[in-house]
file final-v1.txt (compact mmCIF, C-alpha atoms)
# COMPACT_ATOMS: atom_id res chain seq x y z
CA MET P 3 -8.64 34.83 9.31
CA GLU P 4 -5.47 32.75 9.20
CA LYS P 5 -5.74 29.37 7.42
CA GLY P 6 -9.20 30.29 6.24
CA LEU P 7 -10.91 29.51 9.56
CA ASN P 8 -14.42 30.76 9.89
CA LEU P 9 -15.81 30.07 13.31
CA SER P 10 -19.28 31.17 12.31
CA LYS P 11 -19.34 28.26 9.84
CA VAL P 12 -19.01 25.10 11.87
CA ASN P 13 -20.04 21.98 9.97
CA LYS P 14 -22.12 20.17 12.59
CA VAL P 15 -23.07 17.27 10.33
CA PHE P 16 -19.39 16.62 9.74
CA LEU P 17 -18.71 16.70 13.49
CA GLU P 18 -21.38 14.07 14.09
CA GLU P 19 -19.91 11.85 11.37
CA VAL P 20 -16.43 12.22 12.83
CA ALA P 21 -17.64 11.35 16.31
CA SER P 22 -19.34 8.16 15.16
CA SER P 23 -16.56 7.00 12.83
CA HIS P 24 -14.21 4.21 13.89
CA THR P 25 -11.14 6.32 13.22
CA GLY P 26 -12.60 9.82 13.41
CA LYS P 27 -13.61 9.58 17.06
CA THR P 28 -9.93 9.37 18.08
CA VAL P 29 -9.58 13.05 17.10
CA SER P 30 -11.21 13.99 20.39
CA TYR P 31 -8.22 12.56 22.30
CA CYS P 32 -5.84 15.19 20.89
CA TYR P 33 -4.29 17.68 23.32
CA GLN P 34 -2.25 19.59 20.72
CA CYS P 35 1.20 18.48 21.81
CA GLY P 36 2.51 18.89 18.22
CA THR P 37 4.38 15.56 18.13
CA CYS P 38 2.66 14.65 14.88
CA SER P 39 3.83 17.80 13.12
CA SER P 40 7.38 17.51 14.40
CA SER P 41 7.49 13.90 13.16
CA CYS P 42 6.04 14.55 9.73
CA PRO P 43 8.64 14.41 6.90
CA MET P 44 6.40 16.58 4.69
CA VAL P 45 5.63 19.25 7.27
CA GLU P 46 7.90 21.93 5.79
CA GLU P 47 5.95 21.80 2.54
CA MET P 48 2.49 21.75 4.07
CA ASP P 49 0.14 24.73 4.13
CA VAL P 50 -1.65 23.30 7.17
CA LYS P 51 0.35 21.28 9.67
CA PRO P 52 -0.94 17.93 10.98
CA HIS P 53 -1.71 19.19 14.49
CA GLU P 54 -3.50 22.19 12.96
CA MET P 55 -5.61 19.82 10.87
CA VAL P 56 -6.81 18.07 14.01
CA GLU P 57 -7.84 21.36 15.61
CA MET P 58 -9.64 22.40 12.44
CA ILE P 59 -11.54 19.12 12.47
CA LYS P 60 -12.61 19.74 16.05
CA LEU P 61 -13.82 23.17 15.00
CA GLY P 62 -15.81 21.69 12.10
CA GLN P 63 -13.86 23.72 9.54
CA THR P 64 -14.53 21.57 6.49
CA GLY P 65 -14.47 24.61 4.23
CA ALA P 66 -10.84 25.39 5.04
CA LEU P 67 -9.78 21.74 5.23
CA CYS P 68 -11.13 20.98 1.78
CA LYS P 69 -9.06 23.79 0.30
CA CYS P 70 -5.76 22.84 1.88
CA LYS P 71 -3.06 21.06 -0.08
CA ALA P 72 -1.70 19.26 2.97
CA ILE P 73 -4.32 16.52 2.99
CA TRP P 74 -3.07 15.47 -0.46
CA GLN P 75 0.59 15.86 0.43
CA CYS P 76 0.46 13.26 3.19
CA SER P 77 2.43 10.22 2.10
CA THR P 78 0.71 7.96 4.65
CA CYS P 79 3.94 7.11 6.43
CA TYR P 80 2.02 6.73 9.74
CA MET P 81 4.77 8.46 11.71
CA CYS P 82 2.20 10.80 13.29
CA THR P 83 -0.10 7.93 14.22
CA GLU P 84 2.77 5.90 15.62
CA ARG P 85 4.13 8.68 17.80
CA CYS P 86 0.88 10.24 18.96
CA PRO P 87 0.78 9.85 22.75
CA GLN P 88 -3.02 9.80 22.61
CA GLU P 89 -3.34 7.28 19.73
CA VAL P 90 -5.17 9.63 17.41
CA GLN P 91 -5.49 7.74 14.10
CA LEU P 92 -4.36 10.81 12.22
CA THR P 93 -3.25 9.23 8.94
CA LEU P 94 -6.58 7.49 8.46
CA VAL P 95 -8.40 10.67 9.43
CA ILE P 96 -6.47 12.59 6.76
CA LEU P 97 -7.46 9.97 4.20
CA GLY P 98 -11.07 10.47 5.28
CA LEU P 99 -10.71 14.21 4.71
CA ARG P 100 -9.79 13.51 1.08
CA ASP P 101 -13.21 11.97 0.57
CA ILE P 102 -14.89 15.08 1.93
CA ALA P 103 -12.64 17.34 -0.14
CA MET P 104 -13.52 15.49 -3.32
CA LYS P 105 -17.22 15.92 -2.65
CA GLU P 106 -16.99 19.58 -1.58
CA ASN P 107 -14.66 20.63 -4.37
CA VAL P 108 -16.57 18.50 -6.84
CA VAL P 109 -13.35 17.22 -8.36
CA ILE P 110 -11.59 13.86 -8.24
CA PRO P 111 -7.88 13.53 -8.98
CA ASP P 112 -7.25 11.51 -12.14
CA SER P 113 -5.29 8.87 -10.27
CA VAL P 114 -8.29 8.16 -8.05
CA ARG P 115 -10.67 7.95 -10.97
CA GLU P 116 -8.33 5.66 -12.93
CA SER P 117 -7.82 3.40 -9.93
CA PHE P 118 -11.53 2.87 -9.41
CA LYS P 119 -12.13 2.34 -13.10
CA ASN P 120 -9.46 -0.37 -13.18
CA LEU P 121 -10.71 -1.91 -9.95
CA ASN P 122 -14.20 -2.14 -11.40
CA GLU P 123 -13.03 -3.68 -14.67
CA THR P 124 -10.15 -5.92 -13.65
CA GLY P 125 -10.11 -6.20 -9.85
CA ARG P 126 -6.67 -4.59 -9.80
CA LEU P 127 -5.74 -0.94 -9.30
CA ILE P 128 -3.24 -0.81 -12.11
CA PRO P 129 -3.44 -3.27 -14.98
CA LEU P 130 -0.33 -4.87 -16.44
CA SER P 131 0.64 -3.63 -19.87
CA GLN P 132 0.82 -5.95 -22.87
CA PHE P 133 4.62 -5.67 -22.69
CA GLN P 134 4.63 -6.75 -19.04
CA LYS P 135 2.29 -9.67 -19.76
CA GLU P 136 4.47 -10.91 -22.64
CA ARG P 137 7.58 -10.56 -20.53
CA ARG P 138 5.98 -12.71 -17.83
CA THR P 139 5.29 -15.44 -20.39
CA LYS P 140 8.91 -15.29 -21.60
CA LEU P 141 10.10 -15.67 -18.00
CA ASN P 142 7.76 -18.64 -17.38
CA LEU P 143 5.82 -16.67 -14.80
CA PRO P 144 2.11 -17.46 -14.36
CA ASP P 145 -0.28 -15.50 -16.54
CA VAL P 146 -2.29 -12.65 -15.06
CA PRO P 147 -5.34 -14.41 -13.62
CA GLN P 148 -8.95 -13.42 -14.15
CA ILE P 149 -10.44 -11.92 -11.05
CA ASP P 150 -14.12 -12.13 -10.21
CA VAL P 151 -15.16 -8.48 -10.13
CA GLU P 152 -18.81 -9.06 -9.24
CA PRO P 153 -18.30 -8.50 -5.49
CA ILE P 154 -16.37 -5.31 -6.25
CA LYS P 155 -19.11 -4.03 -8.53
CA GLU P 156 -21.66 -4.83 -5.83
CA MET P 157 -19.62 -2.99 -3.23
CA MET P 158 -19.26 0.04 -5.44
CA SER P 159 -22.94 0.21 -6.27
CA LYS P 160 -24.13 -0.17 -2.68
CA MET P 161 -21.63 2.04 -0.95
CA LYS P 162 -20.88 5.72 -0.83
CA THR P 163 -18.13 5.16 -3.41
CA ALA P 164 -20.90 5.27 -5.97
CA ASP P 165 -21.76 8.85 -4.94
CA ILE P 166 -18.21 10.02 -5.07
CA LEU P 167 -17.62 8.64 -8.53
CA LYS P 168 -20.67 10.42 -9.85
CA VAL P 169 -18.68 13.59 -9.32
CA LYS P 170 -17.13 14.97 -12.54
CA MET I 12 -0.57 -13.14 -5.34
CA LEU I 13 1.12 -12.01 -8.46
CA ALA I 14 3.33 -8.97 -8.19
CA ARG I 15 2.99 -6.30 -10.84
CA MET I 16 6.67 -5.48 -10.43
CA THR I 17 8.05 -8.34 -12.47
CA GLN I 18 11.53 -8.48 -10.92
CA TYR I 19 9.96 -8.75 -7.46
CA ASP I 20 7.62 -11.54 -8.60
CA LEU I 21 10.46 -13.42 -10.32
CA SER I 22 13.06 -13.00 -7.57
CA ALA I 23 10.54 -13.86 -4.85
CA ARG I 24 9.46 -17.08 -6.53
CA ASN I 25 13.01 -18.21 -7.27
CA THR I 26 14.29 -17.26 -3.83
CA VAL I 27 11.52 -19.01 -1.90
CA LYS I 28 12.09 -22.10 -4.03
CA LYS I 29 15.81 -22.01 -3.18
CA LEU I 30 14.95 -21.61 0.51
CA GLY I 31 12.67 -24.60 0.34
CA ILE I 32 9.45 -22.73 1.01
CA GLU I 33 6.34 -24.01 -0.71
CA ILE I 34 3.77 -21.42 -1.69
CA VAL I 35 0.04 -21.74 -2.18
CA GLU I 36 -0.86 -19.03 -4.62
CA MET I 37 -3.99 -16.93 -4.27
CA SER I 38 -4.31 -16.04 -7.89
CA ASP I 39 -7.98 -15.05 -7.59
CA ALA I 40 -7.35 -12.40 -4.95
CA PRO I 41 -8.41 -8.91 -6.01
CA CYS I 42 -6.99 -5.63 -4.78
CA CYS I 43 -6.38 -5.38 -1.02
CA GLY I 44 -7.98 -1.96 -0.49
CA PRO I 45 -4.92 0.29 -0.16
CA ALA I 46 -4.66 3.98 0.76
CA ILE I 47 -6.09 5.32 -2.49
CA ILE I 48 -9.29 3.34 -1.88
CA LYS I 49 -9.25 4.26 1.82
CA SER I 50 -9.21 7.92 0.71
CA VAL I 51 -12.58 7.53 -0.95
CA ASP I 52 -14.37 4.96 1.16
CA TYR I 53 -12.76 3.42 4.25
CA SER I 54 -15.56 0.87 4.61
CA MET I 55 -15.14 -0.39 1.07
CA ALA I 56 -11.37 -0.59 1.44
CA SER I 57 -11.86 -2.57 4.64
CA ALA I 58 -14.30 -4.89 2.90
CA LEU I 59 -11.76 -5.53 0.14
CA SER I 60 -9.04 -6.36 2.69
CA ALA I 61 -11.38 -8.57 4.68
CA GLN I 62 -12.48 -10.33 1.50
CA ILE I 63 -8.99 -11.65 0.84
CA LEU I 64 -8.63 -12.74 4.45
CA ALA I 65 -12.00 -14.48 4.24
CA MET I 66 -10.92 -16.22 1.02
CA THR I 67 -7.79 -17.45 2.84
CA GLU I 68 -9.89 -18.73 5.73
CA LYS I 69 -12.29 -20.47 3.36
CA ARG I 70 -9.37 -22.39 1.84
CA GLY I 71 -8.54 -23.71 5.32
CA LEU I 72 -5.28 -21.75 5.48
CA ASP I 73 -4.21 -20.05 8.68
CA THR I 74 -1.57 -17.66 7.34
CA ILE I 75 -1.35 -15.24 4.45
CA VAL I 76 2.00 -13.97 3.19
CA THR I 77 2.27 -10.71 1.30
CA LEU I 78 5.03 -9.29 -0.87
CA CYS I 79 3.76 -5.75 -0.46
CA PRO I 80 3.81 -3.77 2.79
CA GLU I 81 0.64 -1.89 1.85
CA CYS I 82 -1.26 -5.18 1.54
CA PHE I 83 0.36 -6.24 4.81
CA SER I 84 -0.75 -3.03 6.49
CA SER I 85 -4.31 -3.30 5.15
CA PHE I 86 -4.67 -6.85 6.47
CA ILE I 87 -3.13 -6.04 9.85
CA LYS I 88 -5.57 -3.16 10.26
CA ILE I 89 -8.49 -5.53 9.71
CA ASN I 90 -7.17 -8.05 12.22
CA THR I 91 -6.54 -5.45 14.91
CA ALA I 92 -9.81 -3.60 14.29
CA PHE I 93 -11.79 -6.85 14.36
CA LYS I 94 -10.36 -7.53 17.82
CA ASP I 95 -10.99 -4.06 19.26
CA ASP I 96 -14.21 -2.97 17.62
CA LYS I 97 -17.06 -5.46 17.38
CA ARG I 98 -19.31 -2.97 15.61
CA PHE I 99 -16.72 -2.48 12.87
CA LYS I 100 -16.36 -6.27 12.50
CA GLU I 101 -20.11 -6.65 12.09
CA GLU I 102 -20.32 -3.78 9.63
CA VAL I 103 -17.53 -5.14 7.42
CA ASN I 104 -18.84 -8.71 7.56
CA GLN I 105 -22.27 -7.44 6.61
CA ILE I 106 -20.81 -5.84 3.45
CA LEU I 107 -18.78 -8.97 2.72
CA SER I 108 -21.68 -11.36 3.03
CA SER I 109 -24.05 -9.26 0.92
CA THR I 110 -21.52 -8.71 -1.88
CA ALA I 111 -19.11 -11.65 -1.90
CA GLY I 112 -21.03 -14.21 0.14
CA LEU I 113 -18.17 -14.40 2.61
CA LYS I 114 -17.51 -13.77 6.29
CA TYR I 115 -14.23 -13.26 8.10
CA SER I 116 -13.70 -14.45 11.68
CA GLY I 117 -10.43 -12.59 12.25
CA GLY I 118 -8.24 -15.66 12.63
CA VAL I 119 -5.78 -15.48 9.73
CA GLU I 120 -2.20 -14.62 10.63
CA VAL I 121 -0.64 -12.02 8.36
CA LYS I 122 3.03 -12.00 7.44
CA HIS I 123 5.25 -10.16 5.02
CA LEU I 124 7.69 -12.35 3.08
CA LEU I 125 10.52 -10.62 4.93
CA GLN I 126 9.18 -12.06 8.21
CA VAL I 127 8.86 -15.54 6.74
CA VAL I 128 12.44 -15.44 5.51
CA TYR I 129 13.96 -13.94 8.64
CA GLU I 130 11.79 -15.45 11.38
CA ASP I 131 10.64 -18.77 9.96
CA ILE I 132 13.73 -19.71 7.95
CA GLY I 133 16.12 -17.82 10.20
CA PRO I 134 19.47 -16.05 9.78
CA LYS I 135 21.57 -19.16 10.56
CA LYS I 136 20.00 -21.21 7.78
CA ILE I 137 20.28 -18.28 5.36
CA GLU I 138 23.94 -17.78 6.30
CA GLY I 139 24.51 -21.45 5.61
CA GLN I 140 23.13 -21.12 2.09
CA VAL I 141 25.23 -18.11 1.08
CA VAL I 142 27.68 -19.02 -1.68
CA LYS I 143 28.59 -15.51 -2.81
CA GLN I 144 29.39 -12.92 -0.20
CA PHE I 145 29.10 -9.38 -1.50
CA SER I 146 31.21 -8.12 1.37
CA GLU I 147 32.40 -5.02 -0.47
CA LEU I 148 28.84 -3.72 -0.51
CA LYS I 149 28.02 -0.93 1.92
CA ALA I 150 24.27 -1.24 2.03
CA VAL I 151 21.58 0.87 3.57
CA VAL I 152 18.15 -0.53 4.11
CA GLN I 153 14.91 1.24 3.46
CA PRO I 154 12.70 -0.26 6.17
CA GLY I 155 9.56 1.17 4.60
CA CYS I 156 6.63 2.69 6.41
CA HIS I 157 3.74 0.32 5.99
CA PHE I 158 5.59 -2.71 7.24
CA VAL I 159 7.13 -1.02 10.26
CA ARG I 160 4.20 1.20 11.25
CA SER I 161 1.08 -0.65 10.14
CA SER I 162 -0.72 -0.50 13.46
CA THR I 163 -0.30 0.79 16.99
CA SER I 164 -1.20 -2.62 18.37
CA TYR I 165 1.07 -4.87 16.35
CA TYR I 166 4.77 -4.43 15.69
CA PRO I 167 6.68 -6.87 13.47
CA ASP I 168 9.77 -4.70 14.03
CA ASP I 169 10.77 -1.81 16.30
CA PRO I 170 9.08 1.23 14.69
CA GLU I 171 11.72 3.64 15.98
CA ASN I 172 14.73 1.40 15.35
CA PRO I 173 13.82 -1.21 12.74
CA ARG I 174 16.42 -3.98 12.52
CA LEU I 175 14.74 -6.85 10.67
CA LEU I 176 15.92 -6.00 7.18
CA ASP I 177 19.37 -4.93 8.45
CA ASN I 178 19.79 -8.26 10.24
CA LEU I 179 18.73 -10.15 7.15
CA VAL I 180 21.27 -8.31 5.01
CA LYS I 181 23.95 -8.90 7.67
CA SER I 182 23.23 -12.64 7.60
CA LEU I 183 24.25 -12.51 3.92
CA GLY I 184 27.64 -11.19 5.05
CA ILE I 185 26.97 -7.61 3.96
CA GLU I 186 27.54 -4.56 6.12
CA THR I 187 24.64 -2.16 6.63
CA LEU I 188 25.03 1.50 7.52
CA ASP I 189 22.79 3.66 9.60
CA TRP I 190 21.74 7.01 8.20
CA PRO I 191 19.82 10.03 9.48
CA LEU I 192 16.72 9.84 7.28
CA LYS I 193 16.31 6.07 7.53
CA LEU I 194 12.85 6.25 9.10
CA TRP I 195 11.45 8.76 6.63
CA CYS I 196 8.98 7.80 3.99
CA CYS I 197 10.38 7.48 0.46
CA GLY I 198 7.55 9.70 -0.77
CA ALA I 199 6.16 7.21 -3.31
CA PRO I 200 2.50 7.42 -2.15
CA SER I 201 2.51 11.16 -2.89
CA LEU I 202 3.53 10.66 -6.53
CA ALA I 203 -0.04 10.57 -7.75
CA PHE I 204 -1.00 13.80 -5.99
CA ASP I 205 2.10 15.98 -5.75
CA ARG I 206 4.84 14.64 -7.98
CA GLU I 207 7.37 17.36 -7.22
CA LEU I 208 7.02 16.90 -3.47
CA SER I 209 7.33 13.14 -3.82
CA LEU I 210 10.53 13.41 -5.84
CA LYS I 211 11.88 16.01 -3.41
CA MET I 212 11.44 13.49 -0.57
CA ALA I 213 13.21 10.81 -2.56
CA GLY I 214 15.99 13.28 -3.31
CA LYS I 215 16.50 14.19 0.34
CA LYS I 216 16.71 10.50 1.18
CA LEU I 217 19.16 9.77 -1.66
CA LYS I 218 21.38 12.67 -0.59
CA SER I 219 21.41 11.31 2.94
CA ILE I 220 22.27 7.83 1.64
CA LYS I 221 25.09 9.23 -0.49
CA THR I 222 26.49 11.19 2.46
CA ALA I 223 26.43 8.04 4.58
CA GLY I 224 28.74 6.43 2.00
CA ALA I 225 26.43 3.67 0.87
CA ASN I 226 26.70 2.07 -2.56
CA CYS I 227 23.51 0.04 -2.45
CA ILE I 228 19.95 0.35 -1.16
CA VAL I 229 18.01 -2.71 -0.08
CA THR I 230 14.27 -2.58 0.26
CA ALA I 231 11.33 -4.87 1.06
CA CYS I 232 8.71 -2.72 -0.65
CA PRO I 233 8.02 -2.45 -4.40
CA TYR I 234 6.85 1.15 -3.97
CA CYS I 235 10.11 2.19 -2.27
CA HIS I 236 11.97 0.23 -4.91
CA MET I 237 10.20 2.07 -7.70
CA GLN I 238 10.89 5.40 -6.05
CA PHE I 239 14.64 4.83 -5.61
CA ASP I 240 15.22 2.81 -8.74
CA GLN I 241 12.88 3.82 -11.56
CA ASN I 242 12.60 7.41 -10.41
CA GLN I 243 16.26 7.97 -9.56
CA THR I 244 17.11 9.70 -12.85
CA MET I 245 14.13 12.04 -12.44
CA VAL I 246 15.37 12.91 -8.97
CA GLU I 247 18.91 13.45 -10.30
CA LYS I 248 17.61 15.92 -12.88
CA ARG I 249 15.70 17.92 -10.27
CA PHE I 250 18.50 17.95 -7.74
CA GLU I 251 21.20 18.40 -10.43
CA GLU I 252 23.21 15.74 -8.68
CA LYS I 253 24.30 12.24 -9.66
CA PHE I 254 23.47 9.44 -7.25
CA GLU I 255 23.87 6.23 -9.30
CA ILE I 256 23.03 4.11 -6.29
CA PRO I 257 21.48 0.77 -7.24
CA THR I 258 18.45 -0.44 -5.33
CA LEU I 259 17.80 -4.11 -4.83
CA LEU I 260 14.74 -5.84 -3.49
CA PHE I 261 15.69 -8.11 -0.60
CA THR I 262 14.60 -11.14 -2.65
CA GLN I 263 17.04 -10.14 -5.40
CA LEU I 264 19.93 -9.81 -2.96
CA ILE I 265 19.17 -13.09 -1.17
CA GLY I 266 18.84 -14.89 -4.50
CA LEU I 267 22.18 -13.58 -5.78
CA SER I 268 23.91 -14.42 -2.50
CA MET I 269 22.60 -17.97 -2.71
CA GLY I 270 24.03 -18.42 -6.19
CA LEU I 271 21.11 -17.54 -8.43
CA GLY I 272 22.09 -15.77 -11.61
CA PRO I 273 21.22 -12.12 -12.34
CA GLU I 274 18.57 -13.22 -14.83
CA ASP I 275 16.89 -15.39 -12.16
CA VAL I 276 16.29 -12.34 -9.99
CA GLY I 277 15.37 -9.94 -12.76
CA LEU I 278 18.43 -7.75 -12.25
CA ASN I 279 18.18 -6.46 -15.82
CA MET I 280 14.78 -4.96 -14.96
CA ASN I 281 16.29 -2.70 -12.33
CA ARG I 282 16.87 0.66 -13.91
CA VAL I 283 19.92 1.77 -11.93
CA SER I 284 22.07 -1.13 -12.85
CA PRO I 285 23.94 -2.89 -10.07
CA SER I 286 25.69 -5.17 -12.57
CA GLN I 287 28.53 -2.77 -13.12
CA MET I 288 29.14 -2.45 -9.41
CA LEU I 289 28.82 -6.15 -8.74
CA ASN I 290 30.97 -7.07 -11.75
CA PHE I 291 33.68 -4.75 -10.57
CA MET I 292 33.69 -6.63 -7.32
CA GLY I 293 34.33 -9.70 -9.44
CA LYS I 294 31.33 -11.46 -8.03
CA LEU I 295 29.01 -11.68 -10.99
CA ARG I 296 29.95 -13.50 -14.14
call {"tool": "encode", "arguments": {"input": "final-v1.txt", "output": "structure tokens"}}
result
Amino acid sequence: MEKGLNLSKVNKVFLEEVASSHTGKTVSYCYQCGTCSSSCPMVEEMDVKPHEMVEMIKLGQTGALCKCKAIWQCSTCYMCTERCPQEVQLTLVILGLRDIAMKENVVIPDSVRESFKNLNETGRLIPLSQFQKERRTKLNLPDVPQIDVEPIKEMMSKMKTADILKVK
Amino acid sequence: MLARMTQYDLSARNTVKKLGIEIVEMSDAPCCGPAIIKSVDYSMASALSAQILAMTEKRGLDTIVTLCPECFSSFIKINTAFKDDKRFKEEVNQILSSTAGLKYSGGVEVKHLLQVVYEDIGPKKIEGQVVKQFSELKAVVQPGCHFVRSSTSYYPDDPENPRLLDNLVKSLGIETLDWPLKLWCCGAPSLAFDRELSLKMAGKKLKSIKTAGANCIVTACPYCHMQFDQNQTMVEKRFEEKFEIPTLLFTQLIGLSMGLGPEDVGLNMNRVSPSQMLNFMGKLR
């Protein structure tokens, strides 16, 4: 079947999660006008177009969605969300699909892993290098402050982030 | 908040000082919960954003100013969601109180530095402080996505025809050009996941800028700046085409126009050097 759709495999648990999510529930407003896809700067490179993604979500096709490259190609420009006549929060929904893809494929991109590691240790996504720190001192800029990471550690241990990061 | 991009941090501090704006620094603020965190756990990202807003509220401050459009967008999303969705507000506050001992009421106003400069200081005052007019520059602005399209219920600028940054540049006496791919994303957020695609986007934009006849790009986003400045040579290699178009952060351009020296705005840290171009115009010593 085209795009890997398998209508005998509809992920009902996923559909329930989507319906109760703050951003996911907006998917039900979509009437497939295609404005999102025609606004997307990345659409020519995508294996699954934005409006197709929405339809696949409605059909509970997590299997196919997790395999597509498009959810990682989205640059989060929000053009689709801005122009959608039905106010589907598509960009945020695509970001949510990444979470599901990471769990299903049992793989996390290195950049995601690094970001969370740094967040946990320093409170920042990307630490400043020694060179950058020294340059700041030379320019009389304030030193990099210490950030209290306890709340972040608490958040990570209590929330579903902890599950995702247990993945290899 | 300290900016990791040193020239942005430096030029912002020196420019706001020159404009007479006093800043209260939130040096203890952690990460704002940007897209990469949202990809894994939207609730946690929201809690991170709300935490900073709660910290601002706790200090008795009513406004937070960001240098980065992604931070801006994360905060705006919290404010708009807190208004529309009481359940979401409760859920996020529950996480905040059990982890950081904080609660956020939703009352902090969020601004990007660009708004403070253009709306609160105003073009007339800026015009009055210009001592060097780089009138030979033909600039294009990169409005950036996360500032212009952060939410469908709050618009700091027209999302289909953004003018804020153009008007700011014009108040410095510099012409700005319109160009076909102005509204497109620079592609920077895709760098971590699909490098080739990201650089292809930047290349398409740079080609469009070159065709429009611009000799300078002005941006209000460190991500866009990195994409057009630091990554320009990588793009040139892939497209087998020379662009050599310098990119300046708006704080760098304002600073220079108001008489700050190139070292005060970190010009030497820009990779595609504008010094040659500006020297040729006889404006920089």
call {"tool": "atom_distance", "arguments": {"input": "final-v1.txt", "atom1": "CA of Met245 in chain I", "atom2": "CA of Glu274 in chain I"}}
result
25.8 Å
call {"tool": "atom_distance", "arguments": {"input": "final-v1.txt", "atom1": "CA of Thr258 in chain I", "atom2": "CA of Val159 in chain I"}}
result
19.3 Å
call {"tool": "closest_atom_pairs", "arguments": {"input": "final-v1.txt", "of": "chain I", "to": "chain P", "cutoff": "8 Å", "atoms": "only C-alpha atoms", "output": "CSV"}}
result
residue,atom,partner,partner_atom,distance
I:Leu13,CA,P:Val146,CA,7.5
I:Arg15,CA,P:Leu130,CA,6.7
I:Thr17,CA,P:Arg138,CA,7.2
I:Leu21,CA,P:Leu143,CA,7.2
I:Ser38,CA,P:Pro147,CA,6.0
I:Asp39,CA,P:Ile149,CA,5.3
I:Ala40,CA,P:Ile149,CA,6.9
I:Pro41,CA,P:Gly125,CA,5.0
I:Cys42,CA,P:Arg126,CA,5.1
I:Ala46,CA,P:Leu97,CA,7.5
I:Ile47,CA,P:Val114,CA,6.6
I:Ile48,CA,P:Phe118,CA,7.9
I:Lys49,CA,P:Leu97,CA,6.4
I:Ser50,CA,P:Leu97,CA,4.4
I:Val51,CA,P:Asp101,CA,4.7
I:Asp52,CA,P:Thr163,CA,5.9
I:Tyr53,CA,P:Gly98,CA,7.3
I:Met55,CA,P:Met157,CA,6.7
I:Leu59,CA,P:Ile154,CA,7.9
I:Phe99,CA,P:His24,CA,7.2
I:Ile106,CA,P:Met157,CA,7.4
I:Thr110,CA,P:Pro153,CA,4.8
I:Ala111,CA,P:Pro153,CA,4.8
I:Cys156,CA,P:Cys79,CA,5.2
I:His157,CA,P:Cys79,CA,6.8
I:Arg160,CA,P:Tyr80,CA,6.1
I:Ser161,CA,P:Tyr80,CA,7.5
I:Ser162,CA,P:Glu84,CA,7.6
I:Thr163,CA,P:Glu84,CA,6.1
I:Pro170,CA,P:Glu84,CA,7.9
I:Trp195,CA,P:Pro43,CA,6.3
I:Cys196,CA,P:Cys79,CA,5.6
I:Gly198,CA,P:Ser77,CA,5.9
I:Ala199,CA,P:Ser77,CA,7.2
I:Pro200,CA,P:Ser77,CA,5.1
I:Ser201,CA,P:Ser77,CA,5.1
I:Ala203,CA,P:Ser113,CA,6.1
I:Phe204,CA,P:Trp74,CA,6.1
I:Asp205,CA,P:Gln75,CA,6.4
I:Leu208,CA,P:Gln75,CA,7.6
I:Met212,CA,P:Met44,CA,7.9
call {"tool": "closest_residue", "arguments": {"input": "final-v1.txt", "among": "I:Ile265, I:Leu148, I:Val276, I:Val76", "to": "Ser182 in chain I", "atoms": "only C-alpha atoms"}}
result
I:Ile265
call {"tool": "atom_distance", "arguments": {"input": "final-v1.txt", "atom1": "CA of Lys181 in chain I", "atom2": "CA of Gly133 in chain I"}}
result
12.1 Å
call {"tool": "residues_near_point", "arguments": {"input": "final-v1.txt", "point": "(27.4, -12.1, 3.1)", "cutoff": "6 Å", "atoms": "all atoms listed in the file", "output": "VMD selection string"}}
result
chain I and resid 144 to 146 183 to 185
call {"tool": "axis_aligned_box", "arguments": {"input": "final-v1.txt", "around": "range 200-217 of chain I", "padding_each_side": "5 Å", "output": "JSON"}}
result
{"center_x": 9.1, "center_y": 12.4, "center_z": -3.4, "size_x": 30.2, "size_y": 19.9, "size_z": 19.2}
call {"tool": "residues_around", "arguments": {"input": "final-v1.txt", "residues": "Ser39 in chain P", "least_positions_apart": "3", "cutoff": "8 Å", "atoms": "all atoms listed in the file", "output": "PDB file with C-alpha atoms, in the frame of the given file"}}
result
ATOM      1  CA  GLY P  36       2.510  18.890  18.220  1.00  0.00           C
ATOM      2  CA  CYS P  42       6.040  14.550   9.730  1.00  0.00           C
ATOM      3  CA  VAL P  45       5.630  19.250   7.270  1.00  0.00           C
ATOM      4  CA  LYS P  51       0.350  21.280   9.670  1.00  0.00           C
ATOM      5  CA  PRO P  52      -0.940  17.930  10.980  1.00  0.00           C
ATOM      6  CA  HIS P  53      -1.710  19.190  14.490  1.00  0.00           C
ATOM      7  CA  CYS P  82       2.200  10.800  13.290  1.00  0.00           C
TER       8      CYS P  82
END
call {"tool": "residues_around", "arguments": {"input": "final-v1.txt", "residues": "Ile32 in chain I", "least_positions_apart": "2", "cutoff": "12 Å", "atoms": "all atoms listed in the file", "output": "ChimeraX atom specification"}}
result
/I:23-30,34-35,76,124,127-128,131-132
call {"tool": "closest_residue", "arguments": {"input": "final-v1.txt", "among": "P:Ala72, P:Val109, P:Leu67, P:Ile59", "to": "Lys27 in chain P", "atoms": "only C-alpha atoms"}}
result
P:Ile59
call {"tool": "decode", "arguments": {"input": "final-v1.txt", "residues": "range 37-48 of chain P", "atoms": "C-alpha atoms", "output": "mmCIF file, in the first residue's frame"}}
result
data_model
loop_
_atom_site.group_PDB
_atom_site.id
_atom_site.type_symbol
_atom_site.label_atom_id
_atom_site.label_comp_id
_atom_site.auth_asym_id
_atom_site.auth_seq_id
_atom_site.Cartn_x
_atom_site.Cartn_y
_atom_site.Cartn_z
ATOM 1 C CA THR P 37 -2.833 24.592 2.529
ATOM 2 C CA CYS P 38 -0.249 23.270 4.963
ATOM 3 C CA SER P 39 1.570 21.276 2.295
ATOM 4 C CA SER P 40 1.507 24.091 -0.226
ATOM 5 C CA SER P 41 2.974 26.439 2.411
ATOM 6 C CA CYS P 42 5.708 24.116 3.614
ATOM 7 C CA PRO P 43 9.218 25.118 2.413
ATOM 8 C CA MET P 44 10.439 21.533 2.888
ATOM 9 C CA VAL P 45 7.570 19.800 1.114
ATOM 10 C CA GLU P 46 9.498 18.919 -2.052
ATOM 11 C CA GLU P 47 11.963 16.897 -0.001
ATOM 12 C CA MET P 48 9.416 15.136 2.183
#
